[in-house]
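query09.cif (mmCIF, C-alpha atoms)
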```cif
data_input
loop_
_atom_site.label_atom_id
_atom_site.label_comp_id
_atom_site.auth_asym_id
_atom_site.auth_seq_id
_atom_site.Cartn_x
_atom_site.Cartn_y
_atom_site.Cartn_z
CA MET A 1 2.83 35.31 9.91
CA ALA A 2 5.40 37.64 11.50
CA ILE A 3 5.28 40.01 8.52
CA ARG A 4 1.49 40.06 8.63
CA SER A 5 1.48 40.85 12.37
CA MET A 6 3.91 43.71 11.76
CA THR A 7 1.86 45.27 8.96
CA MET A 8 -1.53 45.07 10.69
CA PRO A 9 -0.79 47.82 13.30
CA GLY A 10 0.39 50.10 10.49
CA LYS A 11 -2.80 49.54 8.51
CA ARG A 12 -4.93 50.15 11.56
CA PHE A 13 -3.07 53.37 12.30
CA VAL A 14 -3.51 54.65 8.75
CA ILE A 15 -7.23 53.78 8.78
CA SER A 16 -7.75 55.31 12.22
CA VAL A 17 -6.30 58.72 11.26
CA PRO A 18 -9.30 59.89 9.18
CA PHE A 19 -11.71 58.48 11.78
CA VAL A 20 -10.00 60.44 14.55
CA TRP A 21 -10.05 63.55 12.35
CA LEU A 22 -13.79 63.18 11.70
CA ILE A 23 -14.53 62.58 15.38
CA LEU A 24 -12.56 65.65 16.51
CA PHE A 25 -13.62 68.12 13.83
CA PHE A 26 -17.07 66.88 12.83
CA LEU A 27 -18.70 64.68 15.44
CA PHE A 28 -17.73 66.73 18.52
CA PRO A 29 -18.73 70.10 16.99
CA PHE A 30 -21.97 68.53 15.77
CA LEU A 31 -22.74 67.22 19.27
CA ILE A 32 -22.14 70.71 20.66
CA LEU A 33 -24.56 72.13 18.08
CA LEU A 34 -27.08 69.43 18.92
CA TYR A 35 -26.80 70.25 22.63
CA ILE A 36 -27.29 74.00 22.11
CA SER A 37 -30.31 73.37 19.85
CA PHE A 38 -32.23 71.84 22.79
CA VAL A 39 -31.43 74.43 25.45
CA ASP A 40 -32.99 77.77 26.34
CA MET A 41 -31.24 81.11 26.56
CA GLY A 42 -30.23 82.00 30.12
CA ASN A 43 -29.94 85.31 31.94
CA ASP A 44 -26.98 84.47 34.14
CA ILE A 45 -23.27 84.40 33.37
CA SER A 46 -23.82 81.21 31.41
CA PRO A 47 -25.60 82.05 28.13
CA PHE A 48 -27.65 78.84 28.25
CA LYS A 49 -29.91 77.35 30.85
CA PRO A 50 -28.98 73.82 32.01
CA ILE A 51 -30.94 71.00 30.44
CA TRP A 52 -30.58 68.76 33.49
CA ASP A 53 -32.90 69.40 36.41
CA SER A 54 -31.01 68.10 39.46
CA SER A 55 -34.09 68.24 41.71
CA THR A 56 -36.30 66.05 39.52
CA GLY A 57 -33.60 64.22 37.62
CA LEU A 58 -35.26 64.97 34.28
CA LEU A 59 -33.98 66.48 31.07
CA LYS A 60 -35.55 69.81 30.11
CA LEU A 61 -35.23 69.83 26.34
CA LYS A 62 -36.70 72.77 24.47
CA TYR A 63 -38.24 71.22 21.37
CA GLU A 64 -39.72 74.58 20.44
CA ASN A 65 -36.42 75.47 18.77
CA TYR A 66 -37.29 72.84 16.15
CA TRP A 67 -41.09 73.25 16.07
CA SER A 68 -40.70 76.96 15.29
CA ILE A 69 -38.83 76.07 12.13
CA PHE A 70 -41.85 74.27 10.69
CA ARG A 71 -44.74 76.25 12.19
CA THR A 72 -45.29 79.85 13.30
CA GLY A 73 -47.18 79.69 16.60
CA GLU A 74 -49.70 77.10 17.71
CA GLY A 75 -52.36 77.98 15.14
CA GLY A 76 -50.02 78.64 12.23
CA ALA A 77 -50.05 76.55 9.08
CA PRO A 78 -47.26 73.98 8.94
CA PHE A 79 -44.35 74.42 6.51
CA GLN A 80 -45.30 78.07 5.88
CA THR A 81 -42.39 79.74 7.68
CA ILE A 82 -39.53 81.85 6.42
CA TYR A 83 -37.17 79.06 7.45
CA ILE A 84 -38.82 76.51 5.16
CA GLU A 85 -38.72 79.07 2.33
CA ALA A 86 -35.02 79.60 2.98
CA TYR A 87 -34.39 75.83 2.95
CA VAL A 88 -36.26 75.36 -0.34
CA ARG A 89 -34.54 78.38 -1.90
CA SER A 90 -31.12 77.16 -0.76
CA LEU A 91 -31.69 73.67 -2.14
CA TRP A 92 -32.94 75.11 -5.43
CA TYR A 93 -29.97 77.45 -5.91
CA ALA A 94 -27.55 74.69 -4.88
CA LEU A 95 -29.12 72.33 -7.42
CA CYS A 96 -28.94 74.96 -10.18
CA THR A 97 -25.32 75.70 -9.29
CA ALA A 98 -24.36 72.02 -9.37
CA LEU A 99 -26.08 71.50 -12.74
CA LEU A 100 -24.41 74.59 -14.24
CA CYS A 101 -21.02 73.44 -12.95
CA LEU A 102 -21.65 70.00 -14.48
CA VAL A 103 -22.66 71.42 -17.87
CA ILE A 104 -19.66 73.77 -17.97
CA GLY A 105 -17.14 71.58 -16.19
CA TYR A 106 -17.67 68.32 -18.08
CA PRO A 107 -16.31 69.66 -21.41
CA PHE A 108 -13.38 71.21 -19.52
CA SER A 109 -12.57 67.92 -17.81
CA TYR A 110 -12.97 65.92 -21.01
CA PHE A 111 -10.70 68.30 -22.92
CA ILE A 112 -8.00 68.13 -20.23
CA ALA A 113 -8.22 64.31 -20.07
CA ARG A 114 -7.88 64.01 -23.87
CA SER A 115 -5.03 66.54 -24.12
CA LYS A 116 -1.35 65.60 -24.32
CA PRO A 117 0.20 64.45 -21.01
CA SER A 118 2.80 67.21 -21.26
CA VAL A 119 0.06 69.89 -21.38
CA ARG A 120 -2.17 68.53 -18.62
CA PRO A 121 -0.23 70.01 -15.65
CA ALA A 122 -0.52 73.52 -17.15
CA LEU A 123 -4.24 73.08 -17.79
CA LEU A 124 -4.83 71.80 -14.26
CA MET A 125 -2.85 74.71 -12.87
CA MET A 126 -5.17 77.09 -14.75
CA VAL A 127 -8.16 75.37 -13.14
CA MET A 128 -6.65 75.72 -9.66
CA LEU A 129 -5.25 79.21 -10.23
CA PRO A 130 -8.31 81.01 -8.72
CA PHE A 131 -7.59 79.31 -5.38
CA TRP A 132 -4.41 81.39 -5.17
CA THR A 133 -6.57 84.49 -4.73
CA SER A 134 -8.73 85.31 -1.72
CA PHE A 135 -12.30 84.08 -1.89
CA LEU A 136 -13.67 87.50 -0.97
CA LEU A 137 -11.56 89.27 -3.58
CA ARG A 138 -12.91 86.99 -6.30
CA VAL A 139 -16.50 87.68 -5.25
CA TYR A 140 -15.87 91.43 -5.06
CA ALA A 141 -14.34 91.25 -8.54
CA TRP A 142 -17.67 90.00 -9.86
CA LYS A 143 -19.35 92.98 -8.22
CA GLY A 144 -17.10 95.22 -10.28
CA ILE A 145 -17.90 93.26 -13.42
CA LEU A 146 -21.69 93.13 -13.00
CA ALA A 147 -22.34 96.55 -11.42
CA ASP A 148 -24.36 99.23 -13.21
CA GLN A 149 -21.12 101.07 -14.01
CA GLY A 150 -19.14 97.85 -14.20
CA VAL A 151 -17.04 96.31 -16.91
CA LEU A 152 -19.83 94.55 -18.82
CA ASN A 153 -22.14 97.54 -18.91
CA GLN A 154 -19.30 99.80 -20.02
CA ILE A 155 -18.44 97.41 -22.86
CA PHE A 156 -22.06 97.07 -23.98
CA MET A 157 -22.61 100.82 -23.89
CA GLY A 158 -19.33 101.45 -25.70
CA LEU A 159 -20.38 99.08 -28.49
CA GLY A 160 -23.77 100.76 -28.71
CA LEU A 161 -25.68 97.61 -27.78
CA ILE A 162 -27.51 99.33 -24.92
CA SER A 163 -28.32 102.96 -24.12
CA GLU A 164 -28.50 102.60 -20.32
CA PRO A 165 -26.92 100.18 -17.85
CA LEU A 166 -28.51 96.77 -17.40
CA GLN A 167 -29.47 95.56 -13.93
CA MET A 168 -27.18 92.55 -13.60
CA LEU A 169 -26.04 92.85 -10.00
CA TYR A 170 -28.24 91.77 -7.04
CA THR A 171 -30.25 89.36 -9.17
CA ASP A 172 -30.66 85.60 -9.38
CA VAL A 173 -28.35 85.55 -12.40
CA SER A 174 -25.52 87.38 -10.65
CA MET A 175 -25.74 85.05 -7.66
CA LEU A 176 -25.70 81.91 -9.83
CA VAL A 177 -22.81 83.30 -11.87
CA GLY A 178 -20.79 83.91 -8.72
CA MET A 179 -21.56 80.52 -7.20
CA THR A 180 -20.85 78.69 -10.45
CA TYR A 181 -17.54 80.51 -10.86
CA VAL A 182 -16.41 79.77 -7.30
CA TYR A 183 -17.39 76.09 -7.22
CA LEU A 184 -16.55 75.13 -10.82
CA PRO A 185 -13.09 73.71 -9.91
CA PHE A 186 -14.74 71.35 -7.43
CA MET A 187 -16.59 69.82 -10.39
CA VAL A 188 -13.72 69.83 -12.86
CA LEU A 189 -11.10 68.11 -10.70
CA PRO A 190 -13.03 64.92 -9.73
CA LEU A 191 -14.36 64.60 -13.28
CA TYR A 192 -10.84 64.89 -14.67
CA ALA A 193 -9.52 62.33 -12.17
CA ASN A 194 -12.19 59.90 -13.42
CA LEU A 195 -11.95 60.63 -17.15
CA VAL A 196 -8.15 60.52 -17.31
CA LYS A 197 -8.24 56.83 -16.26
CA MET A 198 -10.74 55.93 -18.96
CA ASP A 199 -9.63 53.63 -21.77
CA PHE A 200 -10.46 55.67 -24.87
CA ARG A 201 -10.10 52.57 -27.05
CA LEU A 202 -13.63 51.78 -25.91
CA LEU A 203 -14.81 54.77 -27.97
CA GLU A 204 -13.00 53.42 -31.03
CA ALA A 205 -14.73 50.08 -30.49
CA ALA A 206 -18.08 51.87 -30.27
CA TYR A 207 -17.36 53.67 -33.55
CA ASP A 208 -16.46 50.37 -35.21
CA LEU A 209 -19.79 48.96 -34.05
CA GLY A 210 -21.65 51.79 -35.77
CA ALA A 211 -22.20 54.24 -32.94
CA SER A 212 -22.17 57.95 -33.72
CA PRO A 213 -19.84 60.26 -31.75
CA LEU A 214 -22.75 61.52 -29.68
CA GLY A 215 -24.07 57.99 -29.12
CA ALA A 216 -20.63 56.72 -28.11
CA PHE A 217 -20.26 59.61 -25.69
CA TRP A 218 -23.66 58.97 -24.11
CA LEU A 219 -23.39 55.16 -23.99
CA VAL A 220 -19.69 54.80 -23.11
CA THR A 221 -18.14 57.97 -21.70
CA VAL A 222 -20.97 59.14 -19.45
CA PRO A 223 -21.58 55.76 -17.71
CA LEU A 224 -17.84 55.30 -17.12
CA SER A 225 -17.60 58.79 -15.59
CA LYS A 226 -20.60 58.31 -13.27
CA ALA A 227 -18.41 58.22 -10.15
CA GLY A 228 -16.77 61.52 -11.08
CA ILE A 229 -20.16 63.11 -11.82
CA VAL A 230 -21.56 62.08 -8.43
CA ALA A 231 -18.41 63.19 -6.58
CA GLY A 232 -18.29 66.55 -8.34
CA PHE A 233 -22.02 67.10 -7.91
CA MET A 234 -21.80 66.49 -4.16
CA LEU A 235 -18.67 68.65 -3.76
CA VAL A 236 -20.57 71.54 -5.36
CA PHE A 237 -24.05 70.93 -4.00
CA ILE A 238 -23.21 70.48 -0.31
CA PRO A 239 -21.28 73.76 0.27
CA SER A 240 -23.67 75.66 -1.99
CA VAL A 241 -26.63 74.85 0.28
CA GLY A 242 -25.10 76.72 3.21
CA GLU A 243 -23.41 79.48 1.16
CA PHE A 244 -23.51 82.85 2.90
CA VAL A 245 -20.98 85.23 1.34
CA ILE A 246 -21.98 85.04 -2.32
CA PRO A 247 -25.75 85.53 -1.78
CA SER A 248 -25.00 88.44 0.57
CA LEU A 249 -22.68 90.22 -1.88
CA LEU A 250 -24.17 89.31 -5.27
CA GLY A 251 -27.77 88.28 -4.54
CA GLY A 252 -30.73 90.56 -4.03
CA PRO A 253 -32.48 91.20 -0.70
CA GLU A 254 -35.16 88.62 -1.56
CA ASN A 255 -32.58 85.87 -2.14
CA ILE A 256 -32.36 84.90 1.53
CA MET A 257 -30.68 81.51 1.78
CA ILE A 258 -30.44 79.41 4.90
CA GLY A 259 -26.86 80.52 5.61
CA ARG A 260 -28.01 84.13 5.90
CA VAL A 261 -30.95 83.11 8.11
CA VAL A 262 -28.64 81.23 10.50
CA TRP A 263 -26.35 84.28 10.62
CA ASP A 264 -29.25 86.61 11.43
CA GLU A 265 -30.61 84.32 14.14
CA MET A 266 -27.22 83.97 15.80
CA PHE A 267 -25.77 87.48 15.57
CA SER A 268 -28.77 89.79 15.00
CA SER A 269 -31.46 88.08 17.08
CA ASN A 270 -28.92 86.50 19.46
CA ASN A 271 -31.00 83.31 19.41
CA TRP A 272 -28.28 80.69 19.36
CA PRO A 273 -30.54 77.68 20.11
CA ARG A 274 -32.75 78.37 17.09
CA ALA A 275 -29.71 79.09 14.91
CA THR A 276 -28.12 75.78 15.86
CA ALA A 277 -31.45 73.99 15.32
CA LEU A 278 -31.54 75.45 11.80
CA ALA A 279 -27.98 74.23 11.25
CA VAL A 280 -28.80 70.72 12.52
CA VAL A 281 -31.81 70.46 10.21
CA MET A 282 -29.68 71.67 7.30
CA ILE A 283 -27.06 69.01 8.04
CA GLY A 284 -29.81 66.39 8.15
CA LEU A 285 -31.18 67.53 4.80
CA ILE A 286 -27.77 66.90 3.28
CA VAL A 287 -26.37 63.92 5.16
CA VAL A 288 -29.45 61.67 5.34
CA PRO A 289 -30.19 61.53 1.56
CA LEU A 290 -26.47 61.19 0.91
CA ALA A 291 -26.15 58.27 3.33
CA ILE A 292 -29.20 56.55 1.83
CA TYR A 293 -27.81 56.96 -1.67
CA TYR A 294 -24.38 55.55 -0.80
CA HIS A 295 -25.98 52.74 1.18
CA TYR A 296 -27.90 51.41 -1.83
CA THR A 297 -25.21 52.16 -4.42
CA GLY A 298 -22.60 50.54 -2.19
CA ASP A 299 -24.70 47.41 -1.80
CA ALA A 300 -25.23 47.28 -5.56
CA ALA A 301 -21.52 47.72 -6.26
CA GLU A 302 -20.40 44.91 -3.95
CA PRO A 303 -19.69 41.64 -5.77
CA LYS A 304 -22.08 38.91 -4.83
CA ALA A 305 -20.70 35.57 -3.76
#
```
Would you give me this structure, written as structure tokens?
Amino acid sequence: MAIRSMTMPGKRFVISVPFVWLILFFLFPFLILLYISFVDMGNDISPFKPIWDSSTGLLKLKYENYWSIFRTGEGGAPFQTIYIEAYVRSLWYALCTALLCLVIGYPFSYFIARSKPSVRPALLMMVMLPFWTSFLLRVYAWKGILADQGVLNQIFMGLGLISEPLQMLYTDVSMLVGMTYVYLPFMVLPLYANLVKMDFRLLEAAYDLGASPLGAFWLVTVPLSKAGIVAGFMLVFIPSVGEFVIPSLLGGPENIMIGRVVWDEMFSSNNWPRATALAVVMIGLIVVPLAIYYHYTGDAAEPKA
């Protein structure tokens, strides 16, 4: 009993550390954003008007910061605003990026997991090697590769495949290439961590039972790596939704994602309440479906008594 009483405070301390971290660096900043999203811009020294009316004792919350996201004016059609278009476009590009990272990263992860243990550290280092270089430098490098007078066009023209430069930069393709390149390690690493623990004797058993290599992969390997697929997909999808740098540098002027819209509202229009309202809605679009998914999958995974 004495040993148990001594270990319990240590366990509670270890468990409380991530909770304290989340409260300080996620919950408190989110509450500040939520507060600003309901206030109005002020003209005094304080940039925001108070939401508490001391004379009446009522809260003066400006819901227009949220209504304007879904409707332009009182007579405007709902869900026909530039903000909704930016949300849909951001979700679409994030989904495409996550799927591309999955298609490209799964063979990488599988190859590393099946390689010799002595070679795995070198292969993992090659996956993480881009993180040793600045994020902006890597994106600017793709500008040099995809530009009209860039590396690819020079190679194609030197080989005689084309007579004039191809328009590869400032397109949907260039933006997806840049986002896939940047976020690919976030898909490879969780997939590898899941696949490396897999018992590959299960594949041999599937072969003995008459399964083809493709059938064994689909019926054995993919289900066992489901946790890695979900983790990698979320690690790529969530930051891709709010991506700002890559669409600004590699995407065209029509590829306005929600990160760029929030930037424009905050620093160009100086409308911080609407910018924070856009950010709060974006967080809800990501967190709520994720919480619902983990709620049902967690209940299904729990052993029943």
Atomic distance atom CA of A:Val261 - atom CA of A:Asp172, expressed in Å with one decimal: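 That distance, rounded to one decimal, is 17.7 Å.
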So how far away is atom CA of A:Thr276 from atom CA of A:Leu31, in Å?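 One can read the atom CA of A:Leu31 to atom CA of A:Thr276 distance as 10.7 Å.
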Which of these residues is nearest to A:Gly284, using only C-alpha atoms: A:Ile51, A:Tyr87, A:Glu243, A:Thr171? A:Tyr87
The PyMOL selection byres ((chain A and resi 61) around 12) resolved against shown file, as a PDB file with C-alpha atoms, keeping the file's coordinate frame:
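File written: selection20.pdb
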```pdb
ATOM      1  CA  LEU A  34     -27.080  69.430  18.920  1.00  0.00           C
ATOM      2  CA  TYR A  35     -26.800  70.250  22.630  1.00  0.00           C
ATOM      3  CA  ILE A  36     -27.290  74.000  22.110  1.00  0.00           C
ATOM      4  CA  SER A  37     -30.310  73.370  19.850  1.00  0.00           C
ATOM      5  CA  PHE A  38     -32.230  71.840  22.790  1.00  0.00           C
ATOM      6  CA  VAL A  39     -31.430  74.430  25.450  1.00  0.00           C
ATOM      7  CA  ASP A  40     -32.990  77.770  26.340  1.00  0.00           C
ATOM      8  CA  MET A  41     -31.240  81.110  26.560  1.00  0.00           C
ATOM      9  CA  PHE A  48     -27.650  78.840  28.250  1.00  0.00           C
ATOM     10  CA  LYS A  49     -29.910  77.350  30.850  1.00  0.00           C
ATOM     11  CA  PRO A  50     -28.980  73.820  32.010  1.00  0.00           C
ATOM     12  CA  ILE A  51     -30.940  71.000  30.440  1.00  0.00           C
ATOM     13  CA  TRP A  52     -30.580  68.760  33.490  1.00  0.00           C
ATOM     14  CA  ASP A  53     -32.900  69.400  36.410  1.00  0.00           C
ATOM     15  CA  LEU A  58     -35.260  64.970  34.280  1.00  0.00           C
ATOM     16  CA  LEU A  59     -33.980  66.480  31.070  1.00  0.00           C
ATOM     17  CA  LYS A  60     -35.550  69.810  30.110  1.00  0.00           C
ATOM     18  CA  LYS A  62     -36.700  72.770  24.470  1.00  0.00           C
ATOM     19  CA  TYR A  63     -38.240  71.220  21.370  1.00  0.00           C
ATOM     20  CA  GLU A  64     -39.720  74.580  20.440  1.00  0.00           C
ATOM     21  CA  ASN A  65     -36.420  75.470  18.770  1.00  0.00           C
ATOM     22  CA  TYR A  66     -37.290  72.840  16.150  1.00  0.00           C
ATOM     23  CA  PRO A 273     -30.540  77.680  20.110  1.00  0.00           C
TER      24      PRO A 273
END
```
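Residues with any atom within 8 Å of A:Ser174, counting all atoms listed in the file and excluding same-chain neighbours fewer than 6 positions away, are Leu146, Met168, Leu250 and Gly251 of chain A.
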Determine the residue set returned by the PyMOL selection byres ((chain A and resi 194-200) around 10) for the present structure, and present it as a PyMOL selection string. chain A and resi 106+109-115+117+189-193+201-205+220-222+224-229+231
Computed gap from atom CA of A:Asn255 to atom CA of A:Ala77 is 22.8 Å
Please determine, counting all atoms listed in the file, which residue among A:Ile258, A:Ala291, A:Leu214, A:Leu169 has the shortest atom-to-atom distance to A:Ala279.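 Looking only at the distances to A:Ala279, the closest residue turns out to be A:Ile258.
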Tell me which protein, DNA and RNA residues are within 12 Å of A:Trp92, counting only C-alpha atoms, leaving out same-chain ones fewer than 6 positions away, and put them as a PyMOL selection string. chain A and resi 85-86+98-99+172+176+237-238+240-242+255+257-258
Write the residues you've just listed into a file as a PDB file, keeping the file's coordinate frame, and include C-alpha atoms for each of them.
```
ATOM      1  CA  GLU A  85     -38.720  79.070   2.330  1.00  0.00           C
ATOM      2  CA  ALA A  86     -35.020  79.600   2.980  1.00  0.00           C
ATOM      3  CA  ALA A  98     -24.360  72.020  -9.370  1.00  0.00           C
ATOM      4  CA  LEU A  99     -26.080  71.500 -12.740  1.00  0.00           C
ATOM      5  CA  ASP A 172     -30.660  85.600  -9.380  1.00  0.00           C
ATOM      6  CA  LEU A 176     -25.700  81.910  -9.830  1.00  0.00           C
ATOM      7  CA  PHE A 237     -24.050  70.930  -4.000  1.00  0.00           C
ATOM      8  CA  ILE A 238     -23.210  70.480  -0.310  1.00  0.00           C
ATOM      9  CA  SER A 240     -23.670  75.660  -1.990  1.00  0.00           C
ATOM     10  CA  VAL A 241     -26.630  74.850   0.280  1.00  0.00           C
ATOM     11  CA  GLY A 242     -25.100  76.720   3.210  1.00  0.00           C
ATOM     12  CA  ASN A 255     -32.580  85.870  -2.140  1.00  0.00           C
ATOM     13  CA  MET A 257     -30.680  81.510   1.780  1.00  0.00           C
ATOM     14  CA  ILE A 258     -30.440  79.410   4.900  1.00  0.00           C
TER      15      ILE A 258
END
```
